[in-house]
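Comments concern the structure below.
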Amino acid sequence: MIIKKSPAEIDAMAAAGDILVRTMDLLAGKVRPGVTTRELDSAAEKFIRSQGATHAFKGYRGFPGSICASPNHMVVHGIPGKFKLHKGDILSVDIGVVKDGWVADAARTFAVGEISPVASRLLAVTEEALFHAVEQCRPGNRLGDVSHAVQAHVEANDFAIVRSLVGHGIGRNMHEEPQIPNYGPAGRGIVLEEGMVLAVEPMVTAGRHMVRMGDDGWAIYSQDGSLAAHFEFTVAITPDGPRVLTPWHEAKAAAAA
């Protein structure tokens with residue numbers, strides 16, 4: 001069952017989203033060579049708690065980290081630890097925040113110093129695919145329009161969509177209906193309605209789409225060892241169109257330009 005939210009409830013989710021965005025901003029300033037993913041995790045947890053909120057991930061089905069930190073060919077669900085960032089790495093950071101019982105979820109992939117042309121293009125295309133998907137989050141459109149927008153942009157740029165991982169509805173719970181694939185035909189699926197809130201999250205590789213599970217039972221890697229990127233917004237369907245509840249500040253500036 002899809003649980004629609006009132007305008008007041010969407011505002012409450014936006015408050016969680018604001019804390020998440022400021023957490024992501026904090027980590028953006030710390031992503032550099034020599035920093036470990038555990039240090040990023042500790043900084044995120046401390047800041048989230050300082051804002052009167054809690055992390056959504058730590059303890060969820062036993063996950064041990066406050067964030068997911070997934071370097072290079074790891075797609076998602078990286079457990080923060082001893083991994084030390086090096087120049088040329090890319091790092092996908094996924095954050096969930098709970099404020100007053102409402103959840104926000106978002107992800108970004110960061111460049112660690114100067115990165116390869118392929119990595120730079122992968123990040124740009126994946127982020128662009130997210131914005132194309134968000135544009136489809138309007139009442140009367142279908143869920144397949146969101147999925148197809150991601151696939152069309154990614155594959156037109158010769159990258160691959162991870163097909164076994166999906167976005168999801170979100171609200172009081174981190175994972176709600178519906179599931180949101182990042183591929184498929186437009187014009188199919190449920191009709192999007194005012195009050196739905198979606199976590200839209202393209203996951204893209206520079207090689208093939210297949211993935212494998214890591215030995216820890218959490219991390220998911222590209223099967224062929226190719227680089228992977230992950231970008232995500234929490235998006236509300238409103239009468240005025242999509243409302244992004246977790247927009248990073250660079251995105252806000254671009255939208256205003």
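Chains: A, B, ... in order of the structure tokens. Residues: from 1 per chain. Ligands: from 1, in order shown.
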Can you tell me which residues surround stretch 234-237 of chain A at a distance of at most 8 Å, considering only C-alpha atoms, apart from same-chain residues fewer than 2 positions away, and format the answer as a VMD selection string? chain A and resid 10 17 104 to 106 134 137 to 139 170 192 to 200 232 239 241 to 246
Give me, as a count of residues only, all polymer residues having an atom no more than 7 Å from A:Ala129, counting only C-alpha atoms and skipping those fewer than 4 positions away in the same chain. 7
Would you list, as an NGL selection string, the residues of stretch 42-177 of chain A that end up in helix (DSSP H, G or I) under DSSP run on this structure's backbone? :A and (42-50 or 60-62 or 117-135 or 143-156)
Could those selected residues go to a file with C-alpha atoms, as a JSON list (two decimals), in the first residue's frame?
```json
[["chain", "number", "residue", "atom", "x", "y", "z"],
["A", 42, "SER", "CA", 31.71, 9.55, 13.05],
["A", 43, "ALA", "CA", 31.40, 13.14, 11.85],
["A", 44, "ALA", "CA", 27.98, 12.45, 10.33],
["A", 45, "GLU", "CA", 26.62, 10.73, 13.43],
["A", 46, "LYS", "CA", 27.83, 13.50, 15.73],
["A", 47, "PHE", "CA", 26.29, 16.23, 13.59],
["A", 48, "ILE", "CA", 22.95, 14.45, 13.09],
["A", 49, "ARG", "CA", 22.59, 13.94, 16.84],
["A", 50, "SER", "CA", 23.51, 17.59, 17.48],
["A", 60, "TYR", "CA", 18.66, -1.08, 10.46],
["A", 61, "ARG", "CA", 18.60, -4.84, 9.88],
["A", 62, "GLY", "CA", 21.89, -4.88, 11.79],
["A", 117, "PRO", "CA", 37.81, 11.41, -17.35],
["A", 118, "VAL", "CA", 35.66, 8.26, -17.25],
["A", 119, "ALA", "CA", 34.95, 8.71, -13.54],
["A", 120, "SER", "CA", 34.14, 12.39, -14.02],
["A", 121, "ARG", "CA", 31.73, 11.60, -16.82],
["A", 122, "LEU", "CA", 30.12, 8.80, -14.81],
["A", 123, "LEU", "CA", 29.39, 11.16, -11.93],
["A", 124, "ALA", "CA", 27.99, 13.84, -14.23],
["A", 125, "VAL", "CA", 25.73, 11.46, -16.17],
["A", 126, "THR", "CA", 24.38, 9.78, -13.04],
["A", 127, "GLU", "CA", 23.56, 13.12, -11.42],
["A", 128, "GLU", "CA", 21.93, 14.33, -14.64],
["A", 129, "ALA", "CA", 19.86, 11.13, -14.76],
["A", 130, "LEU", "CA", 18.57, 11.90, -11.27],
["A", 131, "PHE", "CA", 17.44, 15.36, -12.37],
["A", 132, "HIS", "CA", 15.73, 13.90, -15.45],
["A", 133, "ALA", "CA", 13.89, 11.45, -13.19],
["A", 134, "VAL", "CA", 12.84, 14.17, -10.76],
["A", 135, "GLU", "CA", 11.31, 16.12, -13.64],
["A", 143, "LEU", "CA", 6.09, 5.51, -12.30],
["A", 144, "GLY", "CA", 7.53, 4.11, -15.52],
["A", 145, "ASP", "CA", 8.16, 7.67, -16.71],
["A", 146, "VAL", "CA", 10.54, 8.14, -13.78],
["A", 147, "SER", "CA", 12.29, 4.84, -14.44],
["A", 148, "HIS", "CA", 12.58, 5.41, -18.17],
["A", 149, "ALA", "CA", 14.03, 8.90, -17.73],
["A", 150, "VAL", "CA", 16.98, 7.40, -15.84],
["A", 151, "GLN", "CA", 17.56, 4.58, -18.30],
["A", 152, "ALA", "CA", 17.31, 6.76, -21.39],
["A", 153, "HIS", "CA", 19.90, 9.26, -20.20],
["A", 154, "VAL", "CA", 22.33, 6.71, -18.79],
["A", 155, "GLU", "CA", 22.30, 4.38, -21.77],
["A", 156, "ALA", "CA", 22.51, 7.25, -24.26]]
```
Among stretch 84-197 of chain A, which ones does DSSP assign to strand (DSSP E or B) (computed from the backbone)? Answer as an MDAnalysis selection string. chainID A and resid 84 90:99 102:111 142 160:161 167:169 176:180 191 197
Which residue, A:Phe63, A:Phe57, A:Trp102, A:Phe110, has the smallest gap to A:Asp89 when you use only C-alpha atoms?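 Looking only at the distances to A:Asp89, the closest residue turns out to be A:Phe110.
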With only C-alpha atoms counted and 10 Å as the cut-off, give the residues of stretch 186-246 of chain A in contact with stretch 93-101 of chain A, each with its shortest interatomic distance in Å and the pair that gives it, as a Markdown table.
```
| residue | atom | partner | partner_atom | distance |
| --- | --- | --- | --- | --- |
| A:Ala229 | CA | A:Val93 | CA | 9.7 |
| A:His230 | CA | A:Val93 | CA | 8.1 |
| A:Phe231 | CA | A:Asp94 | CA | 8.4 |
| A:Glu232 | CA | A:Asp94 | CA | 8.1 |
```
Distance query A:Pro178 at most 8 Å, only C-alpha atoms, self and fewer than 4 positions along chain excluded, as a list of chain:residue names: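 My list of contacting residues is A:Met1, A:Ile2, A:His168, A:Gly169.
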Now that the selection is made, can you save its residues with all heavy atoms as a PDB file, in the first residue's frame?
```pdb
ATOM      1  N   MET A   1       0.841  -1.199   0.000  1.00  0.00           N
ATOM      2  CA  MET A   1       0.000   0.000   0.000  1.00  0.00           C
ATOM      3  C   MET A   1       0.871   1.242   0.000  1.00  0.00           C
ATOM      4  O   MET A   1       1.837   1.334   0.753  1.00  0.00           O
ATOM      5  CB  MET A   1      -0.899   0.018   1.238  1.00  0.00           C
ATOM      6  CG  MET A   1      -1.858   1.203   1.265  1.00  0.00           C
ATOM      7  SD  MET A   1      -2.953   1.155   2.692  1.00  0.00           S
ATOM      8  CE  MET A   1      -1.797   1.449   4.022  1.00  0.00           C
ATOM      9  N   ILE A   2       0.542   2.191  -0.862  1.00  0.00           N
ATOM     10  CA  ILE A   2       1.287   3.447  -0.932  1.00  0.00           C
ATOM     11  C   ILE A   2       0.656   4.443   0.037  1.00  0.00           C
ATOM     12  O   ILE A   2      -0.544   4.722  -0.036  1.00  0.00           O
ATOM     13  CB  ILE A   2       1.286   4.006  -2.363  1.00  0.00           C
ATOM     14  CG1 ILE A   2       2.002   3.027  -3.293  1.00  0.00           C
ATOM     15  CG2 ILE A   2       1.948   5.379  -2.407  1.00  0.00           C
ATOM     16  CD1 ILE A   2       1.919   3.385  -4.750  1.00  0.00           C
ATOM     17  N   HIS A 168      12.576   3.694  -3.848  1.00  0.00           N
ATOM     18  CA  HIS A 168      11.470   3.241  -2.985  1.00  0.00           C
ATOM     19  C   HIS A 168      10.655   4.428  -2.481  1.00  0.00           C
ATOM     20  O   HIS A 168      11.123   5.566  -2.466  1.00  0.00           O
ATOM     21  CB  HIS A 168      12.033   2.487  -1.786  1.00  0.00           C
ATOM     22  CG  HIS A 168      13.144   3.219  -1.070  1.00  0.00           C
ATOM     23  ND1 HIS A 168      12.915   4.088  -0.024  1.00  0.00           N
ATOM     24  CD2 HIS A 168      14.479   3.236  -1.286  1.00  0.00           C
ATOM     25  CE1 HIS A 168      14.078   4.599   0.382  1.00  0.00           C
ATOM     26  NE2 HIS A 168      15.036   4.109  -0.359  1.00  0.00           N
ATOM     27  N   GLY A 169       9.441   4.124  -2.034  1.00  0.00           N
ATOM     28  CA  GLY A 169       8.691   5.111  -1.277  1.00  0.00           C
ATOM     29  C   GLY A 169       9.334   5.325   0.079  1.00  0.00           C
ATOM     30  O   GLY A 169      10.145   4.518   0.539  1.00  0.00           O
TER      31      GLY A 169
END
```
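In terms of minimum interatomic distance to A:Arg108, A:Glu201 ranks closest within A:Glu176, A:Asp41, A:Asp18, A:Glu201, counting only C-alpha atoms.
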One decimal, Å: what's the distance from atom CA of A:Pro181 over to atom CA of A:Val166, could you say?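 So the two atoms, atom CA of A:Pro181 and atom CA of A:Val166, lie 4.7 Å apart.
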Env of stretch 206-220 of chain A: 10 Å cut, atoms = only C-alpha atoms, seq-sep filter 6 positions within chain, self excluded. Answer as a CSV table (one decimal) with all heavy atoms, in the first residue's frame.
```
chain,number,residue,atom,x,y,z
A,62,GLY,N,20.6,-4.6,11.3
A,62,GLY,CA,21.9,-4.9,11.8
A,62,GLY,C,23.0,-4.1,11.2
A,62,GLY,O,24.2,-4.4,11.5
A,63,PHE,N,22.7,-3.1,10.3
A,63,PHE,CA,23.8,-2.4,9.7
A,63,PHE,C,24.5,-1.6,10.7
A,63,PHE,O,23.9,-0.9,11.6
A,63,PHE,CB,23.2,-1.4,8.6
A,63,PHE,CG,24.3,-0.7,7.8
A,63,PHE,CD1,24.9,-1.4,6.8
A,63,PHE,CD2,24.6,0.6,8.0
A,63,PHE,CE1,25.9,-0.8,6.0
A,63,PHE,CE2,25.6,1.2,7.3
A,63,PHE,CZ,26.2,0.5,6.2
A,68,CYS,N,26.3,5.0,4.7
A,68,CYS,CA,26.9,4.1,3.8
A,68,CYS,C,28.0,4.8,3.0
A,68,CYS,O,27.7,5.9,2.5
A,68,CYS,CB,25.9,3.5,2.8
A,68,CYS,SG,24.5,2.5,3.6
A,69,ALA,N,29.2,4.2,3.0
A,69,ALA,CA,30.3,4.8,2.3
A,69,ALA,C,30.9,3.8,1.3
A,69,ALA,O,31.5,2.8,1.8
A,69,ALA,CB,31.3,5.3,3.3
A,70,SER,N,30.7,4.0,0.0
A,70,SER,CA,31.0,3.0,-1.0
A,70,SER,C,32.0,3.5,-2.0
A,70,SER,O,31.6,4.3,-2.9
A,70,SER,CB,29.7,2.6,-1.7
A,70,SER,OG,28.7,2.2,-0.7
A,73,HIS,N,34.4,0.8,-7.1
A,73,HIS,CA,33.5,-0.2,-7.8
A,73,HIS,C,32.4,-0.8,-6.8
A,73,HIS,O,31.7,-1.6,-7.2
A,73,HIS,CB,34.3,-1.3,-8.5
A,73,HIS,CG,35.0,-2.2,-7.6
A,73,HIS,ND1,36.0,-1.8,-6.7
A,73,HIS,CD2,34.8,-3.5,-7.3
A,73,HIS,CE1,36.5,-2.8,-6.1
A,73,HIS,NE2,35.8,-3.9,-6.4
A,74,MET,N,32.4,-0.3,-5.6
A,74,MET,CA,31.3,-0.6,-4.7
A,74,MET,C,30.1,0.3,-5.0
A,74,MET,O,30.2,1.5,-5.0
A,74,MET,CB,31.7,-0.4,-3.2
A,74,MET,CG,30.7,-1.0,-2.2
A,74,MET,SD,31.2,-0.6,-0.5
A,74,MET,CE,32.8,-1.5,-0.4
A,75,VAL,N,29.0,-0.3,-5.3
A,75,VAL,CA,27.8,0.5,-5.7
A,75,VAL,C,27.1,1.1,-4.5
A,75,VAL,O,26.9,2.3,-4.5
A,75,VAL,CB,26.8,-0.4,-6.5
A,75,VAL,CG1,25.6,0.4,-7.0
A,75,VAL,CG2,27.5,-1.2,-7.6
A,76,VAL,N,26.8,0.3,-3.5
A,76,VAL,CA,26.0,0.8,-2.3
A,76,VAL,C,26.3,-0.1,-1.1
A,76,VAL,O,27.0,-1.1,-1.2
A,76,VAL,CB,24.5,0.7,-2.6
A,76,VAL,CG1,24.0,1.8,-3.6
A,76,VAL,CG2,24.0,-0.7,-3.0
A,77,HIS,N,25.9,0.4,0.0
A,77,HIS,CA,25.9,-0.3,1.3
A,77,HIS,C,27.2,-0.6,1.9
A,77,HIS,O,27.4,-1.6,2.6
A,77,HIS,CB,25.1,-1.7,1.2
A,77,HIS,CG,23.7,-1.5,0.7
A,77,HIS,ND1,22.9,-2.5,0.3
A,77,HIS,CD2,22.9,-0.4,0.7
A,77,HIS,CE1,21.7,-2.1,-0.1
A,77,HIS,NE2,21.7,-0.8,0.2
A,78,GLY,N,28.2,0.3,1.6
A,78,GLY,CA,29.5,0.1,2.2
A,78,GLY,C,29.5,0.5,3.6
A,78,GLY,O,29.0,1.5,4.1
A,79,ILE,N,30.1,-0.5,4.4
A,79,ILE,CA,30.2,-0.2,5.9
A,79,ILE,C,31.4,0.7,6.1
A,79,ILE,O,32.5,0.3,5.7
A,79,ILE,CB,30.4,-1.6,6.6
A,79,ILE,CG1,29.1,-2.4,6.4
A,79,ILE,CG2,30.6,-1.3,8.1
A,79,ILE,CD1,29.2,-3.8,7.0
A,118,VAL,N,36.8,9.2,-17.3
A,118,VAL,CA,35.7,8.3,-17.2
A,118,VAL,C,34.9,8.4,-15.9
A,118,VAL,O,33.6,8.5,-15.9
A,118,VAL,CB,36.1,6.8,-17.4
A,118,VAL,CG1,35.0,5.8,-17.1
A,118,VAL,CG2,36.7,6.6,-18.8
A,119,ALA,N,35.6,8.5,-14.8
A,119,ALA,CA,34.9,8.7,-13.5
A,119,ALA,C,34.2,10.0,-13.5
A,119,ALA,O,33.0,10.1,-13.0
A,119,ALA,CB,36.0,8.7,-12.4
A,121,ARG,N,32.9,11.7,-16.0
A,121,ARG,CA,31.7,11.6,-16.8
A,121,ARG,C,30.7,10.7,-16.2
A,121,ARG,O,29.5,11.0,-16.2
A,121,ARG,CB,32.1,11.0,-18.2
A,121,ARG,CG,31.2,11.4,-19.3
A,121,ARG,CD,31.8,11.1,-20.7
A,121,ARG,NE,30.7,10.5,-21.4
A,121,ARG,CZ,30.6,9.2,-21.6
A,121,ARG,NH1,31.4,8.4,-21.1
A,121,ARG,NH2,29.6,8.7,-22.4
A,122,LEU,N,31.1,9.7,-15.5
A,122,LEU,CA,30.1,8.8,-14.8
A,122,LEU,C,29.4,9.6,-13.8
A,122,LEU,O,28.1,9.4,-13.7
A,122,LEU,CB,30.9,7.6,-14.2
A,122,LEU,CG,30.1,6.7,-13.3
A,122,LEU,CD1,29.0,5.9,-14.1
A,122,LEU,CD2,31.0,5.7,-12.5
A,123,LEU,N,30.1,10.4,-13.0
A,123,LEU,CA,29.4,11.2,-11.9
A,123,LEU,C,28.4,12.2,-12.6
A,123,LEU,O,27.3,12.3,-12.1
A,123,LEU,CB,30.4,11.9,-11.1
A,123,LEU,CG,30.9,11.2,-9.8
A,123,LEU,CD1,31.5,9.8,-10.1
A,123,LEU,CD2,31.9,12.0,-9.0
A,154,VAL,N,21.1,7.5,-19.1
A,154,VAL,CA,22.3,6.7,-18.8
A,154,VAL,C,22.8,5.9,-20.0
A,154,VAL,O,24.0,6.0,-20.4
A,154,VAL,CB,22.1,5.8,-17.6
A,154,VAL,CG1,23.2,4.8,-17.4
A,154,VAL,CG2,21.9,6.6,-16.3
A,157,ASN,N,24.4,7.6,-22.9
A,157,ASN,CA,25.8,8.0,-22.6
A,157,ASN,C,26.7,6.8,-22.4
A,157,ASN,O,27.8,6.9,-21.8
A,157,ASN,CB,25.9,8.9,-21.4
A,157,ASN,CG,25.4,10.3,-21.7
A,157,ASN,OD1,26.2,11.2,-22.2
A,157,ASN,ND2,24.1,10.6,-21.4
A,158,ASP,N,26.3,5.7,-22.8
A,158,ASP,CA,27.1,4.4,-22.8
A,158,ASP,C,27.5,3.9,-21.4
A,158,ASP,O,28.5,3.3,-21.3
A,158,ASP,CB,28.3,4.6,-23.7
A,158,ASP,CG,28.0,4.9,-25.2
A,158,ASP,OD1,27.0,4.3,-25.7
A,158,ASP,OD2,28.6,5.8,-25.8
A,159,PHE,N,26.7,4.2,-20.4
A,159,PHE,CA,26.9,3.6,-19.1
A,159,PHE,C,25.7,2.6,-18.9
A,159,PHE,O,24.8,2.4,-19.7
A,159,PHE,CB,26.9,4.7,-18.0
A,159,PHE,CG,28.1,5.5,-18.1
A,159,PHE,CD1,28.0,6.9,-18.2
A,159,PHE,CD2,29.4,5.0,-18.1
A,159,PHE,CE1,29.1,7.7,-18.2
A,159,PHE,CE2,30.5,5.8,-18.1
A,159,PHE,CZ,30.4,7.2,-18.2
A,160,ALA,N,25.8,1.9,-17.7
A,160,ALA,CA,24.8,0.8,-17.5
A,160,ALA,C,24.1,1.1,-16.2
A,160,ALA,O,24.6,1.5,-15.2
A,160,ALA,CB,25.5,-0.5,-17.4
A,161,ILE,N,22.8,0.8,-16.2
A,161,ILE,CA,21.9,0.9,-15.0
A,161,ILE,C,22.0,-0.4,-14.2
A,161,ILE,O,21.9,-1.5,-14.8
A,161,ILE,CB,20.4,1.1,-15.5
A,161,ILE,CG1,20.2,2.5,-16.0
A,161,ILE,CG2,19.5,0.9,-14.3
A,161,ILE,CD1,20.4,3.6,-15.1
A,162,VAL,N,22.2,-0.3,-12.9
A,162,VAL,CA,22.1,-1.5,-12.0
A,162,VAL,C,20.7,-1.8,-11.9
A,162,VAL,O,19.8,-1.1,-11.4
A,162,VAL,CB,22.7,-1.2,-10.7
A,162,VAL,CG1,22.5,-2.3,-9.7
A,162,VAL,CG2,24.2,-0.8,-10.8
A,163,ARG,N,20.3,-3.0,-12.4
A,163,ARG,CA,18.9,-3.4,-12.5
A,163,ARG,C,18.4,-4.1,-11.3
A,163,ARG,O,17.1,-4.2,-11.1
A,163,ARG,CB,18.7,-4.3,-13.7
A,163,ARG,CG,19.0,-3.5,-15.0
A,163,ARG,CD,18.8,-4.3,-16.3
A,163,ARG,NE,19.0,-3.4,-17.4
A,163,ARG,CZ,18.1,-3.4,-18.5
A,163,ARG,NH1,17.1,-4.2,-18.5
A,163,ARG,NH2,18.3,-2.6,-19.5
A,164,SER,N,19.2,-4.7,-10.4
A,164,SER,CA,18.8,-5.5,-9.3
A,164,SER,C,18.6,-4.6,-8.0
A,164,SER,O,18.2,-5.2,-7.0
A,164,SER,CB,19.8,-6.6,-9.0
A,164,SER,OG,21.1,-6.1,-8.8
A,165,LEU,N,18.8,-3.3,-8.1
A,165,LEU,CA,18.6,-2.4,-7.0
A,165,LEU,C,17.6,-1.3,-7.4
A,165,LEU,O,17.7,-0.9,-8.6
A,165,LEU,CB,19.9,-1.8,-6.5
A,165,LEU,CG,21.0,-2.8,-6.1
A,165,LEU,CD1,22.4,-2.1,-5.9
A,165,LEU,CD2,20.6,-3.4,-4.8
A,226,SER,N,34.0,-2.5,-12.6
A,226,SER,CA,33.9,-1.1,-13.1
A,226,SER,C,33.5,-0.1,-12.1
A,226,SER,O,32.8,-0.5,-11.1
A,226,SER,CB,33.0,-1.1,-14.3
A,226,SER,OG,31.7,-1.4,-14.0
A,227,LEU,N,33.8,1.1,-12.3
A,227,LEU,CA,33.4,2.2,-11.3
A,227,LEU,C,31.9,2.3,-11.2
A,227,LEU,O,31.2,2.0,-12.2
A,227,LEU,CB,34.0,3.5,-11.7
A,227,LEU,CG,35.5,3.7,-11.6
A,227,LEU,CD1,36.0,5.0,-12.2
A,227,LEU,CD2,36.0,3.6,-10.2
A,228,ALA,N,31.4,2.7,-10.1
A,228,ALA,CA,30.0,2.9,-9.9
A,228,ALA,C,29.7,4.2,-9.2
A,228,ALA,O,30.5,4.7,-8.4
A,228,ALA,CB,29.4,1.7,-9.0
A,229,ALA,N,28.5,4.8,-9.5
A,229,ALA,CA,28.1,6.0,-9.0
A,229,ALA,C,26.6,5.9,-8.5
A,229,ALA,O,25.8,5.1,-9.0
A,229,ALA,CB,28.2,7.2,-10.0
```
